[in-house]
Every structure is written in structure tokens, then in C-alpha cells.
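Have a look at model.cif below; it lists mmCIF, C-alpha atoms.
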```cif
data_input
#
loop_
_atom_site.label_atom_id
_atom_site.label_comp_id
_atom_site.auth_asym_id
_atom_site.auth_seq_id
_atom_site.Cartn_x
_atom_site.Cartn_y
_atom_site.Cartn_z
CA MET Z 99 10.57 -17.08 -16.52
CA THR Z 100 11.48 -15.24 -13.30
CA HIS Z 101 9.63 -11.94 -13.08
CA GLY Z 102 9.17 -12.07 -9.34
CA THR Z 103 8.09 -14.51 -6.67
CA VAL Z 104 4.54 -15.79 -6.32
CA PHE Z 105 3.71 -15.92 -2.61
CA VAL Z 106 0.95 -18.40 -1.77
CA VAL Z 107 -0.89 -18.18 1.56
CA ASP Z 108 -3.32 -21.05 2.23
CA ASP Z 109 -3.89 -23.07 5.38
CA GLU Z 110 -4.47 -26.35 3.51
CA PRO Z 111 -1.18 -28.22 2.88
CA ASP Z 112 -2.58 -30.07 -0.16
CA VAL Z 113 -3.66 -26.81 -1.76
CA ARG Z 114 -0.29 -25.20 -1.09
CA ASP Z 115 1.53 -28.17 -2.62
CA ALA Z 116 -0.70 -28.23 -5.68
CA LEU Z 117 -0.36 -24.49 -6.27
CA ASN Z 118 3.38 -24.70 -5.74
CA LEU Z 119 3.73 -27.34 -8.46
CA LEU Z 120 1.36 -25.56 -10.85
CA ILE Z 121 3.00 -22.15 -10.57
CA ARG Z 122 6.53 -23.56 -10.73
CA SER Z 123 5.56 -25.39 -13.92
CA MET Z 124 5.25 -21.95 -15.54
CA GLY Z 125 8.79 -21.02 -14.50
CA HIS Z 126 7.93 -18.81 -11.54
CA GLN Z 127 9.56 -18.84 -8.15
CA VAL Z 128 7.12 -19.75 -5.38
CA GLN Z 129 7.06 -19.38 -1.60
CA THR Z 130 4.19 -20.86 0.39
CA PHE Z 131 2.86 -19.98 3.84
CA PRO Z 132 0.18 -21.55 6.07
CA SER Z 133 -1.00 -18.27 7.59
CA ALA Z 134 -1.03 -14.52 7.15
CA ALA Z 135 1.23 -14.12 10.17
CA ALA Z 136 3.84 -16.44 8.65
CA PHE Z 137 3.77 -14.44 5.42
CA LEU Z 138 4.13 -11.10 7.21
CA ALA Z 139 7.09 -12.42 9.19
CA ALA Z 140 8.96 -13.44 6.03
CA TYR Z 141 7.92 -10.92 3.36
CA ARG Z 142 9.95 -7.84 2.50
CA PRO Z 143 8.29 -5.12 0.37
CA GLU Z 144 11.38 -4.78 -1.82
CA GLN Z 145 10.79 -8.33 -3.06
CA PRO Z 146 9.05 -8.21 -6.48
CA GLY Z 147 6.13 -10.55 -6.98
CA CYS Z 148 2.47 -11.09 -6.22
CA LEU Z 149 0.33 -12.77 -3.58
CA VAL Z 150 -2.12 -15.64 -4.05
CA LEU Z 151 -4.19 -15.38 -0.89
CA ASP Z 152 -6.90 -17.53 0.62
CA VAL Z 153 -9.68 -15.57 2.28
CA ARG Z 154 -10.32 -17.83 5.28
CA LEU Z 155 -7.17 -18.39 7.29
CA PRO Z 156 -6.42 -19.21 10.92
CA GLY Z 157 -5.97 -16.03 12.91
CA MET Z 158 -5.74 -13.09 10.53
CA SER Z 159 -8.02 -13.52 7.50
CA GLY Z 160 -6.96 -12.82 3.95
CA LEU Z 161 -9.03 -9.62 3.87
CA ASP Z 162 -7.45 -8.51 7.14
CA LEU Z 163 -4.00 -9.19 5.67
CA GLN Z 164 -4.89 -7.08 2.65
CA GLN Z 165 -5.90 -4.24 4.95
CA ARG Z 166 -2.69 -4.61 6.99
CA LEU Z 167 -0.58 -4.42 3.83
CA ARG Z 168 -2.46 -1.30 2.70
CA GLU Z 169 -1.83 0.33 6.08
CA GLN Z 170 1.86 -0.43 5.64
CA GLU Z 171 1.70 1.10 2.13
CA CYS Z 172 2.70 -2.21 0.63
CA ALA Z 173 1.23 -2.46 -2.87
CA ILE Z 174 1.90 -6.12 -3.65
CA PRO Z 175 -0.80 -7.26 -6.13
CA ILE Z 176 -3.18 -9.85 -4.65
CA VAL Z 177 -5.17 -12.63 -6.27
CA PHE Z 178 -7.75 -13.91 -3.78
CA ILE Z 179 -8.89 -17.52 -3.79
CA SER Z 180 -11.73 -18.88 -1.70
CA GLY Z 181 -14.03 -21.85 -1.36
CA HIS Z 182 -16.56 -19.75 0.52
CA GLY Z 183 -16.62 -16.51 -1.41
CA ASP Z 184 -19.64 -14.31 -1.80
CA ILE Z 185 -20.30 -11.19 -3.85
CA PRO Z 186 -19.87 -8.63 -1.02
CA MET Z 187 -16.59 -10.26 -0.04
CA ALA Z 188 -15.33 -10.21 -3.63
CA VAL Z 189 -16.41 -6.60 -4.10
CA ARG Z 190 -14.63 -5.56 -0.92
CA ALA Z 191 -11.42 -7.29 -2.01
CA VAL Z 192 -11.40 -5.82 -5.52
CA GLN Z 193 -12.34 -2.33 -4.33
CA ALA Z 194 -9.37 -2.51 -1.98
CA GLY Z 195 -7.10 -3.17 -4.95
CA ALA Z 196 -7.07 -6.94 -5.50
CA VAL Z 197 -6.35 -8.12 -9.04
CA ASP Z 198 -9.20 -10.64 -8.87
CA PHE Z 199 -11.22 -12.94 -6.64
CA LEU Z 200 -11.45 -16.59 -7.73
CA VAL Z 201 -13.89 -19.02 -6.13
CA LYS Z 202 -12.79 -22.66 -5.75
CA PRO Z 203 -12.84 -24.76 -7.79
CA PHE Z 204 -11.23 -22.65 -10.50
CA SER Z 205 -9.29 -23.75 -13.55
CA ASP Z 206 -5.51 -23.75 -13.63
CA ALA Z 207 -5.64 -21.48 -16.68
CA ASP Z 208 -7.76 -18.89 -14.86
CA LEU Z 209 -5.40 -18.77 -11.90
CA LEU Z 210 -2.27 -18.59 -14.05
CA ASP Z 211 -3.81 -15.80 -16.11
CA ARG Z 212 -4.52 -13.77 -12.95
CA ILE Z 213 -1.02 -14.41 -11.67
CA GLU Z 214 0.48 -13.10 -14.92
CA ARG Z 215 -1.68 -9.99 -14.61
CA ALA Z 216 -0.61 -9.51 -11.00
CA LEU Z 217 3.09 -9.87 -11.84
CA ALA Z 218 2.69 -7.40 -14.71
CA ARG Z 219 1.03 -4.93 -12.34
CA ASP Z 220 3.88 -5.35 -9.86
CA ARG Z 221 6.47 -4.64 -12.55
CA GLN Z 222 4.57 -1.53 -13.63
CA GLN Z 223 4.21 -0.28 -10.05
CA ARG Z 224 7.90 -0.78 -9.36
CA ARG Z 225 8.90 0.92 -12.61
CA GLN Z 226 6.67 3.90 -11.80
CA ALA Z 227 8.03 4.05 -8.24
CA ALA Z 228 11.61 4.07 -9.54
CA GLU Z 229 10.81 6.81 -12.04
CA SER Z 230 9.08 8.84 -9.34
CA ALA Z 231 12.05 8.46 -6.98
CA ASP Z 232 14.39 9.58 -9.76
CA VAL Z 233 12.31 12.69 -10.48
CA LYS Z 234 12.16 13.57 -6.77
CA ALA Z 235 15.93 13.14 -6.48
CA ARG Z 236 16.43 15.47 -9.45
CA LEU Z 237 14.08 18.02 -7.88
CA GLU Z 238 16.29 18.03 -4.80
CA ARG Z 239 19.19 19.17 -6.99
CA LEU Z 240 17.38 22.36 -7.98
CA THR Z 241 18.26 25.60 -6.24
CA PRO Z 242 15.52 27.46 -4.36
CA ARG Z 243 15.25 29.96 -7.21
CA GLU Z 244 15.01 27.18 -9.80
CA LYS Z 245 12.23 25.60 -7.76
CA GLU Z 246 10.37 28.91 -7.80
CA VAL Z 247 10.69 29.14 -11.57
CA LEU Z 248 9.60 25.51 -11.92
CA ARG Z 249 6.55 26.13 -9.71
CA LEU Z 250 5.39 28.85 -12.07
CA LEU Z 251 6.16 26.81 -15.19
CA LEU Z 252 3.99 24.02 -13.81
CA ARG Z 253 1.17 26.52 -13.50
CA GLY Z 254 1.45 27.37 -17.17
CA ALA Z 255 3.35 30.64 -16.85
CA VAL Z 256 5.45 31.76 -19.83
CA ASN Z 257 8.86 33.42 -19.41
CA LYS Z 258 7.42 36.93 -19.33
CA MET Z 259 4.94 36.00 -16.59
CA VAL Z 260 7.66 34.25 -14.56
CA ALA Z 261 9.93 37.28 -14.89
CA ARG Z 262 7.19 39.61 -13.67
CA GLU Z 263 6.17 37.35 -10.79
CA LEU Z 264 9.73 36.88 -9.50
CA ASP Z 265 11.03 40.34 -10.46
CA LEU Z 266 13.66 38.90 -12.78
CA SER Z 267 14.75 39.72 -16.29
CA ILE Z 268 13.44 37.50 -19.07
CA ARG Z 269 17.03 36.49 -19.83
CA THR Z 270 17.51 35.37 -16.24
CA VAL Z 271 14.34 33.29 -16.45
CA GLU Z 272 15.61 31.71 -19.66
CA ILE Z 273 18.86 30.76 -17.95
CA HIS Z 274 17.03 29.27 -14.96
CA ARG Z 275 14.71 27.37 -17.25
CA ALA Z 276 17.62 25.92 -19.22
CA ARG Z 277 19.29 24.81 -16.01
CA ILE Z 278 16.08 23.21 -14.77
CA LEU Z 279 15.62 21.26 -18.00
CA HIS Z 280 19.22 20.07 -17.86
CA LYS Z 281 19.05 18.96 -14.22
CA MET Z 282 15.69 17.26 -14.70
CA GLY Z 283 16.74 15.54 -17.93
CA ALA Z 284 13.86 17.01 -19.94
CA ALA Z 285 14.07 18.20 -23.55
CA ASN Z 286 11.45 20.92 -23.18
CA VAL Z 287 8.92 22.39 -20.75
CA PRO Z 288 5.96 20.19 -21.80
CA GLN Z 289 8.08 17.08 -21.23
CA LEU Z 290 9.20 18.50 -17.88
CA ILE Z 291 5.59 19.08 -16.81
CA ARG Z 292 4.57 15.56 -17.85
CA MET Z 293 7.54 14.12 -15.96
CA VAL Z 294 6.70 15.92 -12.73
CA MET Z 295 2.96 15.21 -12.97
CA ARG Z 296 3.48 11.50 -13.74
CA SER Z 297 5.79 11.11 -10.78
CA GLY Z 298 3.31 12.72 -8.40
CA SER Z 299 5.95 15.28 -7.41
CA GLU Z 300 3.83 18.38 -7.94
CA ARG Z 301 3.77 19.08 -4.21
CA GLU Z 302 7.56 18.92 -3.91
CA ALA Z 303 7.94 21.13 -6.98
CA ASP Z 304 5.32 23.57 -5.67
CA GLY Z 305 6.84 23.85 -2.23
CA ALA Z 306 9.43 26.49 -3.09
CA GLN Z 307 9.82 29.28 -0.57
CA PRO Z 308 10.07 32.86 -1.88
CA VAL Z 309 13.67 33.83 -2.58
CA PRO Z 310 14.93 37.41 -2.71
CA ALA Z 311 15.67 38.41 -6.28
CA ASP Z 312 19.38 38.94 -5.55
CA ALA Z 313 19.89 35.89 -3.31
CA GLY Z 314 22.85 33.72 -4.15
CA HIS Z 315 22.95 34.24 -7.93
CA SER Z 316 25.72 36.76 -8.56
CA THR Z 317 26.39 35.29 -12.01
CA VAL Z 318 22.82 35.91 -13.19
CA SER Z 319 21.59 39.47 -13.36
CA THR Z 320 18.08 40.46 -12.33
CA ARG Z 321 16.00 43.04 -14.13
CA PRO Z 322 17.23 46.57 -13.41
CA ALA Z 323 14.90 48.66 -11.31
CA SER Z 324 13.03 51.28 -13.27
#
```
Would it be possible to restate this file's structure as C-alpha cells?
Amino acid sequence: MTHGTVFVVDDEPDVRDALNLLIRSMGHQVQTFPSAAAFLAAYRPEQPGCLVLDVRLPGMSGLDLQQRLREQECAIPIVFISGHGDIPMAVRAVQAGAVDFLVKPFSDADLLDRIERALARDRQQRRQAAESADVKARLERLTPREKEVLRLLLRGAVNKMVARELDLSIRTVEIHRARILHKMGAANVPQLIRMVMRSGSEREADGAQPVPADAGHSTVSTRPAS
């Protein structure tokens, strides 16, 4: 079972060795570190996995490391372990995004269960990030006019409303909409909206600048002036 690396940060060599053996027995890759600084020097955010982190460490504490990772927008899931935990400390850790906070001594089963949850969260986060990046890359392929049409579709506008807002013919809007669906890989407008909303790309999609009705689209006619 290799769904990512379990990074263990604990200043006690015996604890690191015991956790290393336990976690490897479940088929996971493990890397151990004696301090937060040592972990930061070696870790790369593109590495999938989770972090088993002691609270009290020499130098930078576990909670300080969690804060540092958040500041760096690193979302590695964390399972805290501590022999000196208290409720405010646990609440702070979990509110900051930790998977759980285990107080020593804890059972092997409890720790392994939290690690599995953390690895599952990491896989989900990475899958969502990849999907979001794909949607944003597809948005970049849209023309300025297509982005304008998409902006209005995201606001719930139907073809007639889009045509009126952008001074286009309904047929032109239909053509733009078909091109948008094709480029975005969506079967229909509801799926397109869900795709953009799930990816968190509403701002990119809504950032279209107004485009003159006759700009750069000689193959698509606009509505004749009355």
C-alpha cells in the first residue's frame, strides 16, 4: 500500500523508531525527522502524504509548524500527537485544519486510523487541485467574447438575455455557447456551471472585459441594427 509518504516529526528517537516500524507494517512509506526545521528543509509540497507531528519540539513547535505551512499554502494533512496536550491546544490545532489530535499514550489502531484518514484527505485535495487546474487551463482557451458569454451563463442568463446584454443575435450566442461547452468539456450548461463552481474558478470566468460586438469574429454575425 503506497498512497503517499507518512512524515513523522518527533524529537524522541525511540518514538520515531517505533512509529516508523508501526506505519511501515501497514505498507506505507515513512520519513522521520527530529525537528520542524529538519522537516521543512526536506519536504516538497508536491510530495503526496500526511504529517504525524508532535506538538512540543525543539525550536519551532508543532503548532508553529502548522501555522508556517498554512502561510505557505501547503495543505498537507496533519495528525498531532502529544504527551502534554490540553483542550485549548487541541481545539487550536483542529480549527487550523488538523485531522486529529491524539494524546499519548494512544493505541496503534487509533493512530493508524487517523493516518488513513489523513492520506485519504490528501488524495482528495490533490484530485480537486488537479481538476481545478484543468478547468482554469480550459478557461484560458476561451476567447474574450466566449468569456463574456460564460460570465452571463454563470449568472443564470438564458440565450435571449445574453443576446440582449451583449448586443448579439440569439444564433450567435448559441454558437458561442456550443464552443464554450466543447472547449470546457461539458455536456450542457448545468454541468459547465457545476464544473466552474467546484473548481473555484468563478472569479476567472467572471473577469471578462467588455468586447465590442464586432471584435474579431467575422465568421459569426451579430444582430442587425434595427
Subject >> Answer key for the PyMOL selection byres ((chain Z and resi 203) around 10), residues as an MDAnalysis selection string >> reply: chainID Z and resid 179:181 200:202 204:206
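Compared by their closest atoms to Arg142 of chain Z, and using all atoms listed in the file, the residues Z:Leu250, Z:Cys172, Z:Gln193, Z:Gly160 rank with Z:Cys172 nearest.
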Original post:
For this file, the PyMOL selection byres ((chain Z and resi 283-296) around 12) selects which residues, as a ChimeraX atom specification?
Top reply: /Z:225-237,239,247-257,272,275-282,297-304
Expected file: the selected residues, C-alpha atoms, as a PDB file, in the frame of the given file:
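Output (selection24.pdb):
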```pdb
ATOM      1  CA  ARG Z 225       8.900   0.920 -12.610  1.00  0.00           C
ATOM      2  CA  GLN Z 226       6.670   3.900 -11.800  1.00  0.00           C
ATOM      3  CA  ALA Z 227       8.030   4.050  -8.240  1.00  0.00           C
ATOM      4  CA  ALA Z 228      11.610   4.070  -9.540  1.00  0.00           C
ATOM      5  CA  GLU Z 229      10.810   6.810 -12.040  1.00  0.00           C
ATOM      6  CA  SER Z 230       9.080   8.840  -9.340  1.00  0.00           C
ATOM      7  CA  ALA Z 231      12.050   8.460  -6.980  1.00  0.00           C
ATOM      8  CA  ASP Z 232      14.390   9.580  -9.760  1.00  0.00           C
ATOM      9  CA  VAL Z 233      12.310  12.690 -10.480  1.00  0.00           C
ATOM     10  CA  LYS Z 234      12.160  13.570  -6.770  1.00  0.00           C
ATOM     11  CA  ALA Z 235      15.930  13.140  -6.480  1.00  0.00           C
ATOM     12  CA  ARG Z 236      16.430  15.470  -9.450  1.00  0.00           C
ATOM     13  CA  LEU Z 237      14.080  18.020  -7.880  1.00  0.00           C
ATOM     14  CA  ARG Z 239      19.190  19.170  -6.990  1.00  0.00           C
ATOM     15  CA  VAL Z 247      10.690  29.140 -11.570  1.00  0.00           C
ATOM     16  CA  LEU Z 248       9.600  25.510 -11.920  1.00  0.00           C
ATOM     17  CA  ARG Z 249       6.550  26.130  -9.710  1.00  0.00           C
ATOM     18  CA  LEU Z 250       5.390  28.850 -12.070  1.00  0.00           C
ATOM     19  CA  LEU Z 251       6.160  26.810 -15.190  1.00  0.00           C
ATOM     20  CA  LEU Z 252       3.990  24.020 -13.810  1.00  0.00           C
ATOM     21  CA  ARG Z 253       1.170  26.520 -13.500  1.00  0.00           C
ATOM     22  CA  GLY Z 254       1.450  27.370 -17.170  1.00  0.00           C
ATOM     23  CA  ALA Z 255       3.350  30.640 -16.850  1.00  0.00           C
ATOM     24  CA  VAL Z 256       5.450  31.760 -19.830  1.00  0.00           C
ATOM     25  CA  ASN Z 257       8.860  33.420 -19.410  1.00  0.00           C
ATOM     26  CA  GLU Z 272      15.610  31.710 -19.660  1.00  0.00           C
ATOM     27  CA  ARG Z 275      14.710  27.370 -17.250  1.00  0.00           C
ATOM     28  CA  ALA Z 276      17.620  25.920 -19.220  1.00  0.00           C
ATOM     29  CA  ARG Z 277      19.290  24.810 -16.010  1.00  0.00           C
ATOM     30  CA  ILE Z 278      16.080  23.210 -14.770  1.00  0.00           C
ATOM     31  CA  LEU Z 279      15.620  21.260 -18.000  1.00  0.00           C
ATOM     32  CA  HIS Z 280      19.220  20.070 -17.860  1.00  0.00           C
ATOM     33  CA  LYS Z 281      19.050  18.960 -14.220  1.00  0.00           C
ATOM     34  CA  MET Z 282      15.690  17.260 -14.700  1.00  0.00           C
ATOM     35  CA  SER Z 297       5.790  11.110 -10.780  1.00  0.00           C
ATOM     36  CA  GLY Z 298       3.310  12.720  -8.400  1.00  0.00           C
ATOM     37  CA  SER Z 299       5.950  15.280  -7.410  1.00  0.00           C
ATOM     38  CA  GLU Z 300       3.830  18.380  -7.940  1.00  0.00           C
ATOM     39  CA  ARG Z 301       3.770  19.080  -4.210  1.00  0.00           C
ATOM     40  CA  GLU Z 302       7.560  18.920  -3.910  1.00  0.00           C
ATOM     41  CA  ALA Z 303       7.940  21.130  -6.980  1.00  0.00           C
ATOM     42  CA  ASP Z 304       5.320  23.570  -5.670  1.00  0.00           C
TER      43      ASP Z 304
END
```
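Of the listed residues Z:Gln164, Z:Gln127, Z:Thr270, Z:Gln222, the one whose atoms come nearest to His101 of chain Z is Z:Gln127, with distances taken using all atoms listed in the file.
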**OP:** Run through the PyMOL selection byres ((chain Z and resi 174) around 9) on the given coordinates and return the selected residues as a PyMOL selection string.
**Re:** chain Z and resi 143+146-149+167+172-173+175-176+216+219-220+223
Subject >> Best match for closeness to Ala218 of chain Z among Z:Gly102, Z:Pro132, Z:Glu238, Z:Ile185, counting all atoms listed in the file >> reply: Z:Gly102
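You will find atom CA of Ala116 of chain Z at 13.1 Å from atom CA of Phe131 of chain Z.
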**OP:** Kindly give the distance, in Å, that separates atom CA of Gln145 of chain Z and atom CA of Glu214 of chain Z, rounded to a single decimal.
**Re:** 16.4 Å
Original post:
Between Z:Ile268, Z:Val177, Z:Leu210, Z:Leu155, which has the minimum distance to His126 of chain Z (counting only C-alpha atoms)?
Top reply: Z:Leu210
Specify the axis-aligned box that encloses all atoms of segment 137-142 of chain Z listed in the file after padding of 8 Å on each side, stating its centre and edge lengths in Å to one decimal as AutoDock Vina command-line options.
```
--center_x 6.9 --center_y -11.1 --center_z 5.8 --size_x 22.2 --size_y 22.6 --size_z 22.7
```
**OP:** Counting all atoms listed in the file, note down every residue that has an atom within 9 Å of the point (-0.7, -19.0, 1.0) (file coordinates), as a ChimeraX atom specification.
**Re:** /Z:105-110,113-114,129-134,137,149-152
Original post:
Which distance in Å separates atom CA of Ala196 of chain Z and atom CA of Met124 of chain Z, to one decimal?
Top reply: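 These atoms are spaced 21.9 Å apart.
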Original post:
For Glu144 of chain Z, which residue out of Z:Thr103, Z:Ser267, Z:Ser123, Z:Thr241 is the nearest one, using all atoms listed in the file?
Top reply: Z:Thr103
**OP:** Using all atoms listed in the file, find the one residue out of Z:Leu240, Z:Leu161, Z:Met259, Z:Arg122 that sits nearest to Val189 of chain Z.
**Re:**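 That would be Z:Leu161, the residue with the smallest distance to Val189 of chain Z.
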File output for segment 225-314 of chain Z (C-alpha atoms) as a tab-separated table (two decimals), in the first residue's frame:
```
chain	number	residue	atom	x	y	z
Z	225	ARG	CA	-7.53	15.35	-7.04
Z	226	GLN	CA	-9.55	18.53	-6.53
Z	227	ALA	CA	-6.48	20.68	-7.17
Z	228	ALA	CA	-5.78	18.84	-10.42
Z	229	GLU	CA	-9.39	19.22	-11.54
Z	230	SER	CA	-9.33	22.91	-10.66
Z	231	ALA	CA	-6.09	23.44	-12.59
Z	232	ASP	CA	-7.60	21.68	-15.60
Z	233	VAL	CA	-10.71	23.87	-15.53
Z	234	LYS	CA	-8.60	27.03	-15.23
Z	235	ALA	CA	-6.44	25.91	-18.16
Z	236	ARG	CA	-9.57	25.33	-20.25
Z	237	LEU	CA	-10.88	28.77	-19.30
Z	238	GLU	CA	-7.68	30.28	-20.66
Z	239	ARG	CA	-8.52	28.77	-24.05
Z	240	LEU	CA	-11.75	30.75	-24.30
Z	241	THR	CA	-11.82	33.91	-26.39
Z	242	PRO	CA	-12.72	37.20	-24.70
Z	243	ARG	CA	-16.21	37.03	-26.22
Z	244	GLU	CA	-16.69	33.44	-25.03
Z	245	LYS	CA	-15.67	34.51	-21.53
Z	246	GLU	CA	-18.30	37.24	-21.64
Z	247	VAL	CA	-20.97	34.75	-22.66
Z	248	LEU	CA	-19.79	32.34	-19.95
Z	249	ARG	CA	-19.93	35.10	-17.32
Z	250	LEU	CA	-23.59	35.66	-18.11
Z	251	LEU	CA	-24.38	31.94	-18.24
Z	252	LEU	CA	-22.90	31.57	-14.76
Z	253	ARG	CA	-25.30	34.26	-13.59
Z	254	GLY	CA	-28.24	32.25	-14.86
Z	255	ALA	CA	-28.88	34.18	-18.07
Z	256	VAL	CA	-30.64	32.34	-20.91
Z	257	ASN	CA	-29.67	32.82	-24.56
Z	258	LYS	CA	-32.14	35.66	-25.11
Z	259	MET	CA	-30.82	37.56	-22.09
Z	260	VAL	CA	-27.20	37.01	-23.17
Z	261	ALA	CA	-28.01	38.23	-26.68
Z	262	ARG	CA	-29.63	41.39	-25.34
Z	263	GLU	CA	-26.83	42.09	-22.85
Z	264	LEU	CA	-24.04	41.68	-25.41
Z	265	ASP	CA	-25.97	43.03	-28.42
Z	266	LEU	CA	-25.66	39.74	-30.30
Z	267	SER	CA	-28.10	37.62	-32.23
Z	268	ILE	CA	-29.50	34.58	-30.46
Z	269	ARG	CA	-27.88	32.39	-33.11
Z	270	THR	CA	-24.50	33.94	-32.35
Z	271	VAL	CA	-24.99	33.25	-28.65
Z	272	GLU	CA	-25.86	29.64	-29.45
Z	273	ILE	CA	-22.65	29.27	-31.45
Z	274	HIS	CA	-20.56	30.80	-28.65
Z	275	ARG	CA	-22.25	28.58	-26.10
Z	276	ALA	CA	-21.55	25.46	-28.16
Z	277	ARG	CA	-17.90	26.43	-28.48
Z	278	ILE	CA	-17.64	27.07	-24.75
Z	279	LEU	CA	-19.12	23.67	-23.91
Z	280	HIS	CA	-16.74	21.98	-26.33
Z	281	LYS	CA	-13.63	23.74	-25.03
Z	282	MET	CA	-14.61	23.17	-21.40
Z	283	GLY	CA	-15.52	19.52	-21.95
Z	284	ALA	CA	-19.05	19.94	-20.59
Z	285	ALA	CA	-22.16	18.23	-21.97
Z	286	ASN	CA	-24.54	21.06	-21.06
Z	287	VAL	CA	-24.74	24.40	-19.27
Z	288	PRO	CA	-25.68	22.99	-15.82
Z	289	GLN	CA	-22.64	20.69	-15.94
Z	290	LEU	CA	-20.50	23.63	-17.05
Z	291	ILE	CA	-21.69	25.74	-14.12
Z	292	ARG	CA	-21.03	22.92	-11.64
Z	293	MET	CA	-17.56	22.41	-13.12
Z	294	VAL	CA	-16.59	26.07	-12.78
Z	295	MET	CA	-18.10	26.44	-9.30
Z	296	ARG	CA	-16.44	23.25	-7.99
Z	297	SER	CA	-13.06	24.37	-9.26
Z	298	GLY	CA	-13.35	27.76	-7.57
Z	299	SER	CA	-12.79	29.45	-10.95
Z	300	GLU	CA	-15.80	31.78	-10.80
Z	301	ARG	CA	-13.53	34.81	-10.50
Z	302	GLU	CA	-11.50	33.87	-13.57
Z	303	ALA	CA	-14.69	33.18	-15.52
Z	304	ASP	CA	-16.25	36.44	-14.32
Z	305	GLY	CA	-13.25	38.56	-15.17
Z	306	ALA	CA	-14.08	39.07	-18.84
Z	307	GLN	CA	-13.59	42.57	-20.18
Z	308	PRO	CA	-16.31	44.05	-22.41
Z	309	VAL	CA	-15.68	43.24	-26.06
Z	310	PRO	CA	-17.11	45.25	-28.96
Z	311	ALA	CA	-19.85	43.29	-30.68
Z	312	ASP	CA	-17.91	43.14	-33.97
Z	313	ALA	CA	-14.45	42.45	-32.49
Z	314	GLY	CA	-12.55	39.59	-34.04
```
